Amino acid sequence: MATIYTLGHSTRDLADFSAVLQAHEIQILADIRAFPMSKRLPHFNRERLELWLPEIGIEYRWMKELGGRRKKILTESPNIALRNDSFRNYADYMLTEEFQSAAGEVAKLAESRHVAIMCAERMYFQCHRMLVSDYLAASGHRVLHIENEKPPREHKMMDEARMVEGKLLYRGDRLF
C-alpha cells in the first residue's frame with residue numbers, strides 16, 4: 001500500500017507553492033493536467049516547472065495519461081451516477097488500460113517516495129483528482145489531499161463508487 005498526495009496549484013505564487021510542497025516533503029510532483037500550461041499563471045507551465053522544481057529538490061513528471069478533459073469514449077456509460085459529462089467521460093476513461101497503467105506507475109513511485117499528483121483546481125472535489133483518488137483508494141492505497149501547509153485530509157471515496165469485477169464504477173444504489 002502506497003500513500004499518494006494530491007494538490008491543486010490554484011492561484012498560488014511559487015513561494016507559497018514551494019512551502020506547501022516542502023511542508024509535506026513531496027519528492028515527485030506528477031502533473032496530471034491534460035494541458036500543463038496557464039496563461040494567467042505562467043509559472044505553472046510545464047517548461048517552468050521542469051526547470052524550477054529540481055532547484056528545490058523535487059522531481060517533475062508530466063503524466064498526460066492521467067490528464068482530464070476526456071471525450072466520450074463509450075456509447076453507453078456504466079457510470080450512470082455521475083451527472084456531469086466531464087466526470088462521466090473521465091470515469092469511462094478510467095476503465096482503460098492506459099489509465100490503469102499510469103495510475104499504477106504513480107502508486108509504484110509512491111511506495112518509496114512522497115508523490116503528489118497535481119492539477120489546477122485547489123479543491124480536489126471540483127477536479128478529476130477526485131476520480132483518480134477514488135481509483136487509487138479503491139486499489140488499496142492511502143490518498144491524502146493537501147490544501148496548505150497544515151496536515152492533509154484523508155480521501156473519502158464518493159458514495160456512488162463501487163468496485164465491480166475489479167473495475168471502479170459510479171453506479172450509486174442502482175443494481176448491477
# chains A, B, ... in the order shown; residues from 1 in each chain; ligands from 1
call {"tool": "residues_around", "arguments": {"residues": "Ala34 in chain A", "least_positions_apart": "2", "cutoff": "7 Å", "atoms": "only C-alpha atoms", "output": "PDB file with N, CA and C atoms, in the first residue's frame"}}
result
ATOM      1  N   ILE A  32      -0.944  16.057 -13.547  1.00  0.00           N
ATOM      2  CA  ILE A  32      -1.962  15.293 -14.269  1.00  0.00           C
ATOM      3  C   ILE A  32      -2.921  16.210 -15.016  1.00  0.00           C
ATOM      4  N   PRO A  36      -0.551  21.089 -19.585  1.00  0.00           N
ATOM      5  CA  PRO A  36       0.198  21.665 -18.459  1.00  0.00           C
ATOM      6  C   PRO A  36       0.705  23.079 -18.732  1.00  0.00           C
ATOM      7  N   LYS A  64       0.545  12.706 -18.818  1.00  0.00           N
ATOM      8  CA  LYS A  64      -0.578  13.051 -19.685  1.00  0.00           C
ATOM      9  C   LYS A  64      -1.633  11.959 -19.717  1.00  0.00           C
ATOM     10  N   GLY A  67      -4.327  12.872 -17.488  1.00  0.00           N
ATOM     11  CA  GLY A  67      -4.921  14.180 -17.729  1.00  0.00           C
ATOM     12  C   GLY A  67      -6.430  14.121 -17.882  1.00  0.00           C
ATOM     13  N   GLY A  68      -7.074  15.211 -17.525  1.00  0.00           N
ATOM     14  CA  GLY A  68      -8.530  15.312 -17.617  1.00  0.00           C
ATOM     15  C   GLY A  68      -8.980  15.721 -19.008  1.00  0.00           C
ATOM     16  N   ARG A  69     -10.171  16.303 -19.057  1.00  0.00           N
ATOM     17  CA  ARG A  69     -10.768  16.775 -20.311  1.00  0.00           C
ATOM     18  C   ARG A  69     -10.885  15.660 -21.345  1.00  0.00           C
TER      19      ARG A  69
END
call {"tool": "residues_around", "arguments": {"residues": "Met118 in chain A", "least_positions_apart": "2", "cutoff": "12 Å", "atoms": "only C-alpha atoms", "output": "number ranges by chain"}}
result
A: 4-10, 17, 21, 26, 28-34, 36, 44, 46, 49, 60-64, 66-68, 106, 115-116, 120-124, 127-130, 132-133, 145-147
call {"tool": "atom_distance", "arguments": {"atom1": "CA of Ala137 in chain A", "atom2": "CA of Ile80 in chain A"}}
result
20.4 Å
call {"tool": "closest_residue", "arguments": {"among": "A:Ala2, A:Leu82, A:Ala91, A:Val143", "to": "Glu160 in chain A", "atoms": "only C-alpha atoms"}}
result
A:Leu82
call {"tool": "atom_distance", "arguments": {"atom1": "CA of Glu165 in chain A", "atom2": "CA of Lys71 in chain A"}}
result
24.4 Å
call {"tool": "select_by_dssp", "arguments": {"residues": "range 34-148 of chain A", "states": "strand (DSSP E or B)", "output": "NGL selection string"}}
result
:A and (59-62 or 115-119 or 142-145)
call {"tool": "write_last_selection", "arguments": {"atoms": "N, CA and C atoms", "output": "mmCIF file, in the first residue's frame"}}
result
data_model
loop_
_atom_site.group_PDB
_atom_site.id
_atom_site.type_symbol
_atom_site.label_atom_id
_atom_site.label_comp_id
_atom_site.auth_asym_id
_atom_site.auth_seq_id
_atom_site.Cartn_x
_atom_site.Cartn_y
_atom_site.Cartn_z
ATOM 1 N N GLU A 59 11.350 16.267 -8.103
ATOM 2 C CA GLU A 59 11.309 15.778 -9.476
ATOM 3 C C GLU A 59 9.941 16.084 -10.085
ATOM 4 N N TYR A 60 9.937 16.521 -11.329
ATOM 5 C CA TYR A 60 8.693 16.833 -12.041
ATOM 6 C C TYR A 60 8.429 15.772 -13.094
ATOM 7 N N ARG A 61 7.168 15.303 -13.150
ATOM 8 C CA ARG A 61 6.749 14.368 -14.193
ATOM 9 C C ARG A 61 5.394 14.792 -14.730
ATOM 10 N N TRP A 62 5.313 14.950 -16.023
ATOM 11 C CA TRP A 62 4.017 15.189 -16.652
ATOM 12 C C TRP A 62 3.452 13.827 -17.000
ATOM 13 N N VAL A 115 4.956 11.229 -3.240
ATOM 14 C CA VAL A 115 4.480 11.637 -4.556
ATOM 15 C C VAL A 115 3.171 12.393 -4.400
ATOM 16 N N ALA A 116 3.068 13.513 -5.128
ATOM 17 C CA ALA A 116 1.810 14.256 -5.168
ATOM 18 C C ALA A 116 1.363 14.356 -6.618
ATOM 19 N N ILE A 117 0.069 14.088 -6.842
ATOM 20 C CA ILE A 117 -0.495 14.354 -8.154
ATOM 21 C C ILE A 117 -1.082 15.765 -8.103
ATOM 22 N N MET A 118 -0.841 16.526 -9.175
ATOM 23 C CA MET A 118 -1.251 17.928 -9.179
ATOM 24 C C MET A 118 -2.094 18.253 -10.397
ATOM 25 N N CYS A 119 -3.109 19.069 -10.160
ATOM 26 C CA CYS A 119 -3.905 19.650 -11.222
ATOM 27 C C CYS A 119 -4.079 21.130 -10.865
ATOM 28 N N ARG A 142 -3.543 4.715 0.179
ATOM 29 C CA ARG A 142 -3.982 5.832 1.012
ATOM 30 C C ARG A 142 -3.799 7.115 0.215
ATOM 31 N N VAL A 143 -4.826 7.937 0.169
ATOM 32 C CA VAL A 143 -4.769 9.191 -0.576
ATOM 33 C C VAL A 143 -5.021 10.339 0.391
ATOM 34 N N LEU A 144 -4.128 11.325 0.340
ATOM 35 C CA LEU A 144 -4.212 12.483 1.224
ATOM 36 C C LEU A 144 -4.246 13.760 0.394
ATOM 37 N N HIS A 145 -5.211 14.614 0.682
ATOM 38 C CA HIS A 145 -5.379 15.856 -0.058
ATOM 39 C C HIS A 145 -4.724 17.017 0.685
#
call {"tool": "closest_residue", "arguments": {"among": "A:Pro42, A:Pro151, A:Gly166, A:Gly57", "to": "Ala23 in chain A", "atoms": "only C-alpha atoms"}}
result
A:Pro151
